[in-house]
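Structure, as structure tokens:
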Amino acid sequence: MSPEKTLQVVVQIVVLLFAVSFHESAHGWVALKCGDTTARDLGRITLNPLKHIDPIGSLLFPLMLAFAGLPIFGWARPVPVSLRGVPNPRRSNLLISAAGPLSNLLLAILFAGAVVLLGPLVPSRSAGLYPLLLVALASVIVNVSLAVFNLIPIPPLDGFGVVEGLAPLRLLPGLIWLRRYGFLLLFLLIFTGALGAIMNPVRNFLLGWLLS
């Protein structure tokens with residue numbers, strides 16, 4: 001692997017660890033505001049990636065993708081949430097679920113601003129600010145990808161929690177029943193290529209804009 005490629009892989013993994021830590025912390029912070037102290041009590045409302053790392057999803061899987069020459073992606077350990085005793089559990093579930101993807105979109109917007117500012121200052125890859133531009137570019141792609149992926153309405157993704165919070169009460173028994181098949185549906189999404197059909201246009205659009 002060339003030094004340039006190695007730098008890109010390292011940057012993407014560091015960016016991913018920060019993005020998933022921010023994502024999970026957002027879940028925990030909103031849960032706390034809704035009255036659930038579980039994440040706070042477990043020390044999960046923090047940007048320290050050591051508190052959120054999933055050995056497979058945060059390290060092994062992204063490294064495998066990197067060595068295969070594929071876009072780096074991954075996940076963290078979910079922040080535990082308990083809605084027992086929380087006022088208005090459905091509303092809390094909606095807010096907590098939405099907090100993760102929205103936090104990634106916020107990061108993407110901030111780093112997109114950094115790309116716009118740094119772009120004119122980095123005429124070539126040998127420029128001193130090039131590593132910062134690389135971090136900003138990777139941050140936009142990783143955070144938008146995480147937000148879009150997590151908003152897919154399949155359990156256990158955040159999009160399903162949003163659907164549960166917005167759906168009419170008469171549909172809740174069916175949604176609760178669907179939860180038991182969440183991982184099966186997720187595997188089907190991945191292995192049928194449907195996930196690529198969702199994610200690739202997003203990634204291509206971002207690359208086209210960022211590299212223009």
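Identifiers for the structure tokens are assigned positionally: chains receive A, B, ... in sequence, residues are indexed from 1 per chain, and ligands are indexed from 1 in the order shown.
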
Could you build a table of the residues in segment 133-201 of chain A lying no more than 7 Å from segment 14-34 of chain A, giving for each the nearest pair of atoms and their separation in Å rounded to one decimal place, using only C-alpha atoms, ordered by chain and ascending residue number, as a Markdown table?
| residue | atom | partner | partner_atom | distance |
| --- | --- | --- | --- | --- |
| A:Ala138 | CA | A:Val15 | CA | 6.9 |
| A:Ser139 | CA | A:Val15 | CA | 5.8 |
| A:Val142 | CA | A:Leu16 | CA | 6.5 |
| A:Asn143 | CA | A:Ala19 | CA | 6.3 |

Original post:
Which of these, A:Arg180, A:Asp36, A:Asp158, A:Leu133, has the shortest distance to Leu121 of chain A once you count only C-alpha atoms?
Top reply: A:Leu133

Subject >> Selection near Leu94 of chain A, 10 Å with only C-alpha atoms, sequence-local residues under 3 positions removed, as a ChimeraX atom specification >> reply: /A:89-91,97-99,158-166

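Closest approach to Ala167 of chain A from the set A:Asn93, A:Asp41, A:Phe187, A:Gly193 is made by A:Asn93, with distances taken over only C-alpha atoms.
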
**OP:** Considering only C-alpha atoms, return as a ChimeraX atom specification whatever protein or nucleic-acid residues lie within 9 Å of segment 111-118 of chain A, sequence-local ones (same chain, fewer than 4 positions apart) excluded.
**Re:** /A:106-107,122,129-130,132-140,210

Residue subset to file, keeping N, CA and C atoms, as an mmCIF file, in the first residue's frame:
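part_0.cif, freshly written:
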data_model
loop_
_atom_site.group_PDB
_atom_site.id
_atom_site.type_symbol
_atom_site.label_atom_id
_atom_site.label_comp_id
_atom_site.auth_asym_id
_atom_site.auth_seq_id
_atom_site.Cartn_x
_atom_site.Cartn_y
_atom_site.Cartn_z
ATOM 1 N N LEU A 106 -25.081 17.130 11.008
ATOM 2 C CA LEU A 106 -24.501 18.362 11.531
ATOM 3 C C LEU A 106 -22.996 18.379 11.319
ATOM 4 N N LEU A 107 -22.332 17.274 11.646
ATOM 5 C CA LEU A 107 -20.887 17.183 11.417
ATOM 6 C C LEU A 107 -20.554 17.336 9.940
ATOM 7 N N VAL A 122 -5.269 24.877 -0.664
ATOM 8 C CA VAL A 122 -4.500 23.646 -0.879
ATOM 9 C C VAL A 122 -4.390 23.402 -2.394
ATOM 10 N N LEU A 129 -1.458 22.167 4.284
ATOM 11 C CA LEU A 129 -2.810 21.984 4.813
ATOM 12 C C LEU A 129 -3.531 20.790 4.183
ATOM 13 N N TYR A 130 -2.847 20.059 3.319
ATOM 14 C CA TYR A 130 -3.503 18.937 2.631
ATOM 15 C C TYR A 130 -4.066 17.889 3.598
ATOM 16 N N LEU A 132 -5.315 18.316 6.514
ATOM 17 C CA LEU A 132 -6.558 18.852 7.079
ATOM 18 C C LEU A 132 -7.687 18.786 6.066
ATOM 19 N N LEU A 133 -7.369 19.076 4.805
ATOM 20 C CA LEU A 133 -8.382 18.979 3.761
ATOM 21 C C LEU A 133 -8.840 17.529 3.603
ATOM 22 N N LEU A 134 -7.912 16.598 3.699
ATOM 23 C CA LEU A 134 -8.237 15.179 3.588
ATOM 24 C C LEU A 134 -9.182 14.756 4.715
ATOM 25 N N VAL A 135 -8.913 15.244 5.929
ATOM 26 C CA VAL A 135 -9.783 14.951 7.072
ATOM 27 C C VAL A 135 -11.182 15.506 6.824
ATOM 28 N N ALA A 136 -11.246 16.740 6.330
ATOM 29 C CA ALA A 136 -12.547 17.373 6.085
ATOM 30 C C ALA A 136 -13.327 16.624 5.012
ATOM 31 N N LEU A 137 -12.653 16.244 3.920
ATOM 32 C CA LEU A 137 -13.311 15.501 2.843
ATOM 33 C C LEU A 137 -13.847 14.158 3.343
ATOM 34 N N ALA A 138 -13.000 13.427 4.057
ATOM 35 C CA ALA A 138 -13.409 12.126 4.587
ATOM 36 C C ALA A 138 -14.565 12.277 5.572
ATOM 37 N N SER A 139 -14.546 13.350 6.354
ATOM 38 C CA SER A 139 -15.588 13.563 7.359
ATOM 39 C C SER A 139 -16.944 13.799 6.714
ATOM 40 N N VAL A 140 -16.967 14.537 5.627
ATOM 41 C CA VAL A 140 -18.234 14.769 4.931
ATOM 42 C C VAL A 140 -18.794 13.448 4.417
ATOM 43 N N LEU A 210 -17.418 17.247 -3.988
ATOM 44 C CA LEU A 210 -16.211 17.553 -3.221
ATOM 45 C C LEU A 210 -14.985 17.677 -4.108
#

Original post:
Between A:Gln12, A:Leu184, A:Ile141, A:Ala194, which is the closest to Trp209 of chain A once you count only C-alpha atoms?
Top reply: A:Ile141

Original post:
So, counting only C-alpha atoms, which residue among A:Ala66, A:Leu59, A:Met199, A:Leu95 is closest to Phe149 of chain A?
Top reply: A:Met199

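Interatomic distance, atom CA of Asn48 of chain A to atom CA of Ser82 of chain A: 22.2 Å.
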
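One finds atom CA of Leu206 of chain A at 16.7 Å from atom CA of Gln8 of chain A.
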
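Atom pair atom CA of Ser92 of chain A / atom CA of Pro78 of chain A has a distance of 16.5 Å (rounded to one decimal).
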